[in-house]
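Asks: Pasting target07.txt below, which is compact mmCIF, C-alpha atoms.
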# COMPACT_ATOMS: atom_id res chain seq x y z
CA MET A 4 79.69 137.02 117.10
CA LYS A 5 82.84 135.61 115.54
CA LYS A 6 83.56 133.68 118.77
CA ILE A 7 80.04 132.17 118.79
CA ILE A 8 80.43 131.05 115.17
CA LEU A 9 83.86 129.56 115.92
CA LYS A 10 82.53 127.61 118.92
CA ASN A 11 79.91 125.93 116.73
CA GLN A 12 82.59 124.60 114.38
CA PRO A 13 83.56 120.90 114.64
CA ILE A 14 87.21 122.01 114.33
CA PHE A 15 86.91 123.97 117.60
CA ARG A 16 85.40 121.02 119.52
CA ALA A 17 87.97 118.67 117.98
CA ARG A 18 90.84 120.87 119.14
CA ILE A 19 89.50 121.09 122.70
CA ILE A 20 88.97 117.29 122.91
CA GLY A 21 92.38 116.68 121.31
CA ILE A 22 94.23 118.95 123.74
CA ILE A 23 92.45 117.38 126.74
CA LEU A 24 93.39 113.88 125.54
CA ILE A 25 97.03 114.90 125.01
CA ILE A 26 97.16 116.34 128.55
CA ILE A 27 95.62 113.13 129.99
CA GLY A 28 98.20 111.11 128.04
CA ALA A 29 101.03 113.25 129.37
CA VAL A 30 99.76 112.79 132.97
CA PHE A 31 99.84 109.00 132.60
CA LEU A 32 103.48 109.23 131.48
CA ILE A 33 104.50 110.52 134.93
CA ASN A 34 104.34 106.95 136.27
CA PRO A 35 105.48 104.91 133.23
CA THR A 36 104.31 101.35 133.89
CA SER A 37 103.46 99.10 130.92
CA LEU A 38 99.72 99.81 131.25
CA ASN A 39 100.24 103.53 131.78
CA ILE A 40 102.40 103.75 128.67
CA LYS A 41 99.63 102.09 126.66
CA ILE A 42 96.93 104.38 128.11
CA SER A 43 99.16 107.37 127.51
CA PHE A 44 99.89 106.34 123.91
CA VAL A 45 96.19 105.74 123.16
CA SER A 46 95.23 109.08 124.69
CA ILE A 47 97.92 111.11 122.92
CA PHE A 48 97.43 109.28 119.61
CA ILE A 49 93.65 109.84 119.59
CA GLY A 50 94.22 113.47 120.64
CA ILE A 51 96.61 114.20 117.78
CA PHE A 52 94.48 112.15 115.36
CA THR A 53 91.39 114.21 116.30
CA ILE A 54 93.17 117.53 115.84
CA VAL A 55 94.74 116.55 112.51
CA MET A 56 91.77 114.73 110.98
CA ILE A 57 88.91 117.02 111.99
CA ASN A 58 90.08 120.34 110.62
CA GLU A 59 87.40 121.35 108.15
CA LYS A 60 85.18 124.31 108.83
CA SER A 61 81.46 123.93 108.18
CA ILE A 62 78.56 126.30 107.68
CA SER A 63 74.85 125.90 108.30
CA LYS A 64 73.03 123.80 105.70
CA LYS A 65 70.49 126.59 105.17
CA ILE A 66 73.30 129.00 104.23
CA SER A 67 74.98 126.59 101.82
CA ASP A 68 71.60 125.71 100.25
CA ALA A 69 70.85 129.39 99.76
CA GLN A 70 74.22 129.96 98.07
CA ALA A 71 73.69 127.07 95.66
CA GLN A 72 70.07 127.98 94.99
CA GLY A 73 70.99 131.55 94.07
CA ASN A 74 73.02 130.38 91.09
CA VAL A 75 70.44 127.87 89.88
CA TYR A 76 67.58 130.33 90.38
CA THR A 77 69.32 132.95 88.22
CA ILE A 78 69.82 130.52 85.35
CA LYS A 79 66.25 129.20 85.65
CA THR A 80 64.91 132.75 85.43
CA ILE A 81 66.99 133.48 82.30
CA LEU A 82 65.83 130.24 80.66
CA LYS A 83 62.21 131.05 81.42
CA ASP A 84 62.54 134.62 80.15
CA ILE A 85 64.11 133.63 76.83
CA GLY A 86 61.67 130.74 76.39
CA LEU A 87 64.01 127.73 76.24
CA GLU A 88 62.22 124.49 77.02
CA GLY A 89 64.64 121.73 75.97
CA ASN A 90 66.34 119.34 78.35
CA ALA A 91 69.99 119.84 79.23
CA ILE A 92 72.70 118.29 77.09
CA PHE A 93 76.09 117.98 78.80
CA LEU A 94 78.93 118.62 76.37
CA PRO A 95 82.37 117.10 77.02
CA LYS A 96 85.68 118.93 76.59
CA THR A 97 86.75 119.35 72.97
CA ASN A 98 89.47 121.20 71.10
CA HIS A 99 87.29 124.32 71.31
CA LEU A 100 85.95 123.75 74.82
CA THR A 101 88.36 123.77 77.74
CA GLU A 102 85.60 122.88 80.21
CA GLU A 103 82.36 120.93 80.05
CA ARG A 104 79.25 122.95 79.26
CA ILE A 105 75.51 122.53 79.21
CA LEU A 106 73.56 123.14 76.04
CA ILE A 107 69.90 123.94 76.46
CA PRO A 108 68.01 123.67 73.17
CA PRO A 109 64.82 125.65 72.46
CA SER A 110 62.63 122.54 72.78
CA ASN A 111 62.65 118.76 73.00
CA LYS A 112 60.66 118.36 69.80
CA GLY A 113 62.30 117.12 66.62
CA VAL A 114 65.96 116.49 66.07
CA VAL A 115 68.39 118.12 68.48
CA LYS A 116 71.07 119.96 66.54
CA ILE A 117 74.37 120.84 68.18
CA PRO A 118 76.68 123.36 66.54
CA LYS A 119 80.20 121.92 66.21
CA GLN A 120 82.08 125.10 66.99
CA ILE A 121 80.82 125.78 70.52
CA GLN A 122 83.57 127.59 72.42
CA ASP A 123 84.15 128.71 76.00
CA ASN A 124 82.85 132.19 75.25
CA THR A 125 79.83 131.10 73.20
CA PHE A 126 76.54 131.83 74.94
CA PHE A 127 73.77 132.19 72.35
CA LEU A 128 73.92 129.51 69.69
CA ILE A 129 72.72 131.00 66.42
CA GLY A 130 72.99 129.11 63.14
CA GLU A 131 74.17 130.65 59.87
CA ASP A 132 70.56 130.92 58.79
CA GLY A 133 69.77 132.81 62.00
CA LYS A 134 68.08 129.80 63.59
CA ASN A 135 68.14 129.60 67.40
CA PHE A 136 69.90 126.48 68.72
CA GLY A 137 69.59 127.47 72.36
CA ILE A 138 72.30 128.53 74.79
CA SER A 139 75.53 127.07 76.08
CA ILE A 140 76.44 127.73 79.72
CA PRO A 141 78.78 126.25 82.34
CA PRO A 142 77.04 123.59 84.46
CA SER A 143 76.32 124.38 88.11
CA GLY A 144 78.37 121.43 89.37
CA LEU A 145 81.54 122.05 87.36
CA LYS A 146 83.50 123.80 90.11
CA LEU A 147 82.25 121.28 92.67
CA LEU A 148 83.47 118.36 90.58
CA ASN A 149 86.82 120.05 89.88
CA GLU A 150 87.26 120.47 93.63
CA ILE A 151 86.36 116.84 94.36
CA ASP A 152 88.26 115.36 91.44
CA LYS A 153 91.41 117.49 91.48
CA ASN A 154 93.62 114.84 89.90
CA GLY A 155 91.18 113.82 87.21
CA ASP A 156 90.82 110.28 88.60
CA LEU A 157 87.25 110.01 87.37
CA LYS A 158 88.28 110.50 83.76
CA ASN A 159 90.70 107.58 83.92
CA THR A 160 88.25 105.25 85.66
CA GLU A 161 87.08 102.06 84.00
CA ILE A 162 83.35 102.15 83.25
CA GLU A 163 82.70 99.10 85.46
CA ASN A 164 84.30 100.94 88.42
CA ILE A 165 82.30 104.15 88.04
CA ASN A 166 79.88 103.29 90.88
CA GLU A 167 82.82 102.78 93.23
CA LYS A 168 84.43 106.08 92.22
CA LEU A 169 81.19 108.03 92.64
CA GLN A 170 81.05 107.00 96.31
CA ILE A 171 83.34 109.96 97.01
CA PHE A 172 80.17 112.11 96.85
CA VAL A 173 78.73 109.96 99.65
CA GLY A 174 81.97 110.29 101.63
CA MET A 175 81.70 114.07 101.44
CA ASN A 176 78.15 113.93 102.83
CA LEU A 177 76.77 115.45 99.64
CA LEU A 178 74.20 112.67 99.33
CA LYS A 179 73.19 109.39 100.94
CA SER A 180 73.78 107.06 98.01
CA VAL A 181 74.45 107.17 94.28
CA SER A 182 74.42 104.49 91.58
CA VAL A 183 74.63 104.36 87.81
CA ASP A 184 73.13 101.48 85.80
CA LYS A 185 73.01 100.71 82.12
CA GLN A 186 69.50 100.68 80.75
CA LYS A 187 68.01 99.83 77.37
CA ASN A 188 67.96 103.42 76.12
CA GLY A 189 71.00 104.77 77.92
CA TRP A 190 71.96 105.08 81.56
CA SER A 191 70.03 105.50 84.74
CA LEU A 192 71.50 107.66 87.51
CA GLU A 193 69.93 107.15 90.93
CA VAL A 194 70.67 109.78 93.57
CA ASN A 195 69.40 109.39 97.12
CA LYS A 196 68.92 112.36 99.45
CA PRO A 197 71.23 114.98 97.93
CA ILE A 198 71.85 117.87 100.33
CA PHE A 199 69.90 120.41 98.40
CA GLY A 200 66.57 119.54 99.93
CA ASN A 201 63.46 118.55 98.04
CA ASN A 202 62.86 121.99 96.66
CA GLY A 203 62.47 121.11 93.01
CA TYR A 204 65.98 122.13 91.95
CA ASN A 205 67.24 118.57 92.19
CA ILE A 206 64.70 117.26 89.73
CA ASP A 207 65.44 119.89 87.13
CA ARG A 208 65.83 118.70 83.53
CA GLN A 209 67.36 121.93 82.26
CA TYR A 210 69.83 123.03 84.90
CA PRO A 211 70.24 120.45 87.68
CA SER A 212 71.50 121.34 91.14
CA PRO A 213 75.31 121.39 91.67
CA ILE A 214 75.51 117.86 93.13
CA CYS A 215 73.43 116.13 90.43
CA SER A 216 75.15 118.27 87.82
CA ALA A 217 78.62 117.31 89.12
CA ILE A 218 77.77 113.60 88.87
CA ILE A 219 76.49 113.96 85.29
CA ILE A 220 79.65 115.92 84.32
CA ALA A 221 81.68 113.07 85.82
CA LEU A 222 79.80 110.67 83.53
CA THR A 223 80.38 113.00 80.58
CA ARG A 224 84.12 112.96 81.34
CA LEU A 225 84.14 109.20 81.71
CA PHE A 226 82.28 108.43 78.48
CA ASN A 227 83.71 111.47 76.65
CA ASN A 228 80.35 111.84 74.99
CA LYS A 229 77.46 114.26 74.93
CA ILE A 230 74.89 113.21 77.52
CA ARG A 231 71.30 114.34 77.47
CA ILE A 232 68.93 114.33 80.42
CA TYR A 233 66.01 112.44 78.94
CA ASP A 234 63.84 112.28 82.04
CA VAL A 235 63.92 112.93 85.78
CA THR A 236 61.64 111.27 88.30
CA GLN A 237 61.43 111.49 92.06
CA LYS A 238 60.09 108.91 94.53
CA GLY A 239 60.48 110.07 98.10
CA ASP A 240 64.13 110.95 98.60
CA LYS A 241 65.24 109.02 95.51
CA ILE A 242 65.79 110.95 92.28
CA THR A 243 66.30 109.03 89.05
CA PHE A 244 67.84 110.65 85.99
CA THR A 245 67.41 108.83 82.69
CA LEU A 246 70.40 109.79 80.57
CA ASN A 247 71.26 108.96 77.01
CA PHE A 248 74.08 109.70 74.64
CA ILE A 249 73.08 112.44 72.29
CA LYS A 250 74.39 110.51 69.24
CA GLN A 251 71.49 108.11 69.70
CA ARG A 252 69.05 110.94 69.11
CA THR A 253 70.81 113.28 66.75
CA LYS A 254 70.57 112.60 63.06
CA GLN A 255 73.08 115.21 62.00
CA GLU A 256 75.21 117.90 63.48
CA VAL A 257 75.32 121.32 61.89
CA MET B 8 78.58 113.67 110.78
CA GLN B 9 81.59 114.12 108.50
CA LEU B 10 83.67 111.17 107.30
CA SER B 11 86.72 112.37 109.24
CA GLU B 12 84.66 112.40 112.45
CA LYS B 13 83.38 108.86 111.78
CA ILE B 14 86.94 107.65 111.13
CA THR B 15 88.19 109.27 114.35
CA LEU B 16 85.37 107.72 116.40
CA CYS B 17 85.97 104.25 114.90
CA LEU B 18 89.69 104.46 115.59
CA ALA B 19 89.14 105.70 119.15
CA ALA B 20 86.70 102.82 119.82
CA TRP B 21 89.15 100.29 118.34
CA MET B 22 92.07 101.65 120.38
CA ILE B 23 90.08 101.45 123.61
CA ILE B 24 89.07 97.84 122.82
CA VAL B 25 92.72 97.00 122.05
CA LEU B 26 93.79 98.68 125.30
CA PHE B 27 91.42 96.44 127.29
CA ILE B 28 92.29 93.17 125.55
CA THR B 29 96.05 93.76 125.61
CA SER B 30 96.32 95.30 129.07
CA ASP B 31 98.66 92.53 130.31
CA VAL B 32 100.49 91.60 127.11
CA GLU B 33 103.53 93.11 125.42
CA LEU B 34 103.69 96.45 123.65
CA GLU B 35 104.45 94.92 120.23
CA ILE B 36 101.07 93.14 120.11
CA PHE B 37 99.34 96.32 121.25
CA PHE B 38 100.97 98.34 118.47
CA ILE B 39 100.39 95.76 115.75
CA LEU B 40 96.68 95.53 116.66
CA ILE B 41 96.29 99.32 116.52
CA LEU B 42 98.14 99.35 113.21
CA ILE B 43 95.90 96.63 111.76
CA GLY B 44 92.80 98.54 112.94
CA LEU B 45 93.99 101.75 111.33
CA ILE B 46 94.80 99.98 108.04
CA VAL B 47 91.36 98.29 108.02
CA ILE B 48 89.61 101.62 108.71
CA LYS B 49 91.64 103.23 105.92
CA GLU B 50 90.72 100.49 103.46
CA VAL B 51 87.02 100.56 104.37
CA SER B 52 86.82 104.35 104.04
CA ASN B 53 89.09 104.51 100.99
CA GLN B 54 86.42 104.88 98.32
CA PHE B 55 84.63 107.59 100.29
CA SER B 56 87.75 109.61 101.13
CA VAL B 57 89.29 112.57 99.39
CA LYS B 58 93.03 112.59 98.72
CA ALA B 59 93.91 114.86 101.66
CA LEU B 60 92.18 112.53 104.11
CA LYS B 61 93.95 109.49 102.66
CA PHE B 62 97.29 111.28 102.94
CA LYS B 63 96.74 112.12 106.60
CA MET B 64 95.80 108.52 107.38
CA ASN B 65 98.90 107.29 105.53
CA VAL B 66 101.06 109.54 107.71
CA PHE B 67 99.57 108.00 110.87
CA ILE B 68 100.03 104.48 109.47
CA LEU B 69 103.68 105.25 108.67
CA PHE B 70 104.20 106.63 112.17
CA LEU B 71 102.75 103.47 113.74
CA LEU B 72 104.83 101.27 111.43
CA LEU B 73 107.97 103.16 112.43
CA THR B 74 107.11 102.82 116.13
CA PHE B 75 106.48 99.12 115.64
CA PHE B 76 109.84 98.64 113.84
CA VAL B 77 111.65 100.49 116.65
CA LEU B 78 110.05 98.18 119.24
CA ILE B 79 110.94 95.08 117.21
CA ALA B 80 114.51 96.34 116.76
CA ARG B 81 114.84 96.91 120.52
CA ARG B 82 113.52 93.41 121.19
CA ILE B 83 116.01 91.89 118.72
CA ILE B 84 118.87 93.84 120.30
CA ASN B 85 117.79 92.59 123.77
CA ILE B 86 117.71 88.98 122.58
CA VAL B 87 121.11 89.27 120.91
CA THR B 88 122.64 90.92 124.00
CA ILE B 89 121.28 88.24 126.37
CA SER B 90 122.44 85.34 124.20
Could you rewrite the structure in this file as structure tokens?
Replies:
Amino acid sequence: MKKIILKNQPIFRARIIGIILIIIGAVFLINPTSLNIKISFVSIFIGIFTIVMINEKSISKKISDAQAQGNVYTIKTILKDIGLEGNAIFLPKTNHLTEERILIPPSNKGVVKIPKQIQDNTFFLIGEDGKNFGISIPPSGLKLLNEIDKNGDLKNTEIENINEKLQIFVGMNLLKSVSVDKQKNGWSLEVNKPIFGNNGYNIDRQYPSPICSAIIIALTRLFNNKIRIYDVTQKGDKITFTLNFIKQRTKQEV
Amino acid sequence: MQLSEKITLCLAAWMIIVLFITSDVELEIFFILILIGLIVIKEVSNQFSVKALKFKMNVFILFLLLTFFVLIARRIINIVTIS
């Protein structure tokens, strides 16, 4: 079983092709004419290049989708059970928060109030008067973004270069295209064909799928501001998030 | 197809083209064309690449540069010796 799985890996095929090319290159070196040296160099170089460059293991898309869906499904069930209906608000790092979090308010009606003292271990947000302000949880895409952006390049990016920086998601085959544009009421995030399938999780306003979530966290880091998912629409493979800074909607913080 | 696979295929195609068009010219031109191809592929894929991939490509570019310098140095030594 393990051997069958290994044979399906690109790394296995790359190694076989690489070794064959290196052997061919070595054979051409037996008679070292100018042309043979060139053929040999090309063969050995491509062989080594293939082995070194293609060395990432992959798993079936169905398996990776199932893993990601499990997390989102759990959170969605909790939200449904405790009756929270508000759209997600992405909170940036603060003195109290070491990582970005999502706040899900009870509803979208009225003024959204965000407690100032949200900490890493805060889950239920209850006001001094006992009022429910929703819950604060880690976003699904946080670990994904930390893995992609290990050096924190996104945080130091100029706003005009954000579209260029986000192309790393395309490079990792996580989606087909991504773009962010300034709109009248905030920002519009357009995501094309994210690898999570069209199963409804991508167009979630409360707890978006890891890929969409990772992109919104990246924007939160860049703007260092609270970002609220105002609306999500889907046309074919294209998903559009309408995002706005929470300060535009909040009258006062408690 | 992963980005690393696309890069490898592009480079392989470029190297085969270079091999055909430089089959009867000197090694220096062959190496410089491969080097240029690799640098162009690196630049084009730069914004899509993660740091590890960029590092690996830089290593190959450095190796080709070194090979090219060695060939140039040998040529210079030949010229100096003959003159």
Asks: Could you please select, counting all atoms listed in the file, the residues of chain B within 8 Å of chain A and state them as an MDAnalysis selection string?
Replies: chainID B and resid 8:12 15 18:19 22:23 26 30:31 34 37 54:57 60 63 67
Asks: So, counting all atoms listed in the file, which residue among A:Gln122, A:Leu225, A:Phe244, A:Gly133 is closest to Glu161 in chain A?
Replies: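 Distance minimum relative to Glu161 in chain A lands on A:Leu225.
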Asks: How many Å separate CA of Val235 in chain A from CA of Lys146 in chain A?
Replies: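 Value for the CA of Val235 in chain A-CA of Lys146 in chain A distance: 22.8 Å.
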Asks: Taking only C-alpha atoms into account, which of B:Val25, B:Ile89, B:Ile83, B:Cys17 comes nearest Val51 in chain B?
Replies: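 The shortest atom-to-atom distance to Val51 in chain B comes from B:Cys17.
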Asks: Give me, as a list of chain:residue names, all polymer residues having an atom no more than 10 Å from Pro213 in chain A, counting all atoms listed in the file and skipping those fewer than 3 positions away in the same chain.
Replies: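 Non-adjacent residues within range: A:Ala71, A:Gln72, A:Asn74, A:Val75, A:Pro142, A:Ser143, A:Gly144, A:Leu145, A:Lys146, A:Leu147, A:Leu148, A:Pro197, A:Ile198, A:Phe199, A:Tyr204, A:Asn205, A:Tyr210, A:Ser216, A:Ala217, A:Ile218, A:Ile219.
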Asks: If we count all atoms listed in the file and set the cut-off at 9 Å, which residues sit around range 69-76 of chain B, ignoring sequence neighbours fewer than 5 positions away in its own chain? Please answer as a PyMOL selection string.
Replies: chain B and resi 34-35+38-39+41-42+64+81
Asks: Quick one: residues within 12 Å of range 108-119 of chain A, all atoms listed in the file counted, chain neighbours fewer than 6 positions away excluded, as number ranges by chain?
Replies: A: 82-83, 85-94, 97-100, 125-131, 134-140, 208-210, 229, 231-234, 248-257
Asks: Looking at A:Ser212, A:Ile27, A:Asn124, A:Asn188, which one is nearest to Ala69 in chain A, with distances taken over all atoms listed in the file?
Replies: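 So, comparing all the options, the nearest one is A:Ser212.
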Asks: Could you work out how far CA of Ser182 in chain A lies from CA of Glu163 in chain A, giving the answer in Å with one decimal?
Replies: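 Spanning CA of Glu163 in chain A to CA of Ser182 in chain A is a straight-line distance of 11.6 Å.
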Asks: To one decimal place in Å, what is the distance between CA of Gly44 in chain B and CA of Val66 in chain B?
Replies: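 Those two atoms sit 14.7 Å apart.
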Asks: Kindly indicate which residue among B:Val47, B:Ile24, B:Lys58, B:Leu16 lies nearest to Asp156 in chain A, using only C-alpha atoms for the distances.
Replies: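 The answer is B:Lys58, which sits nearest to Asp156 in chain A.
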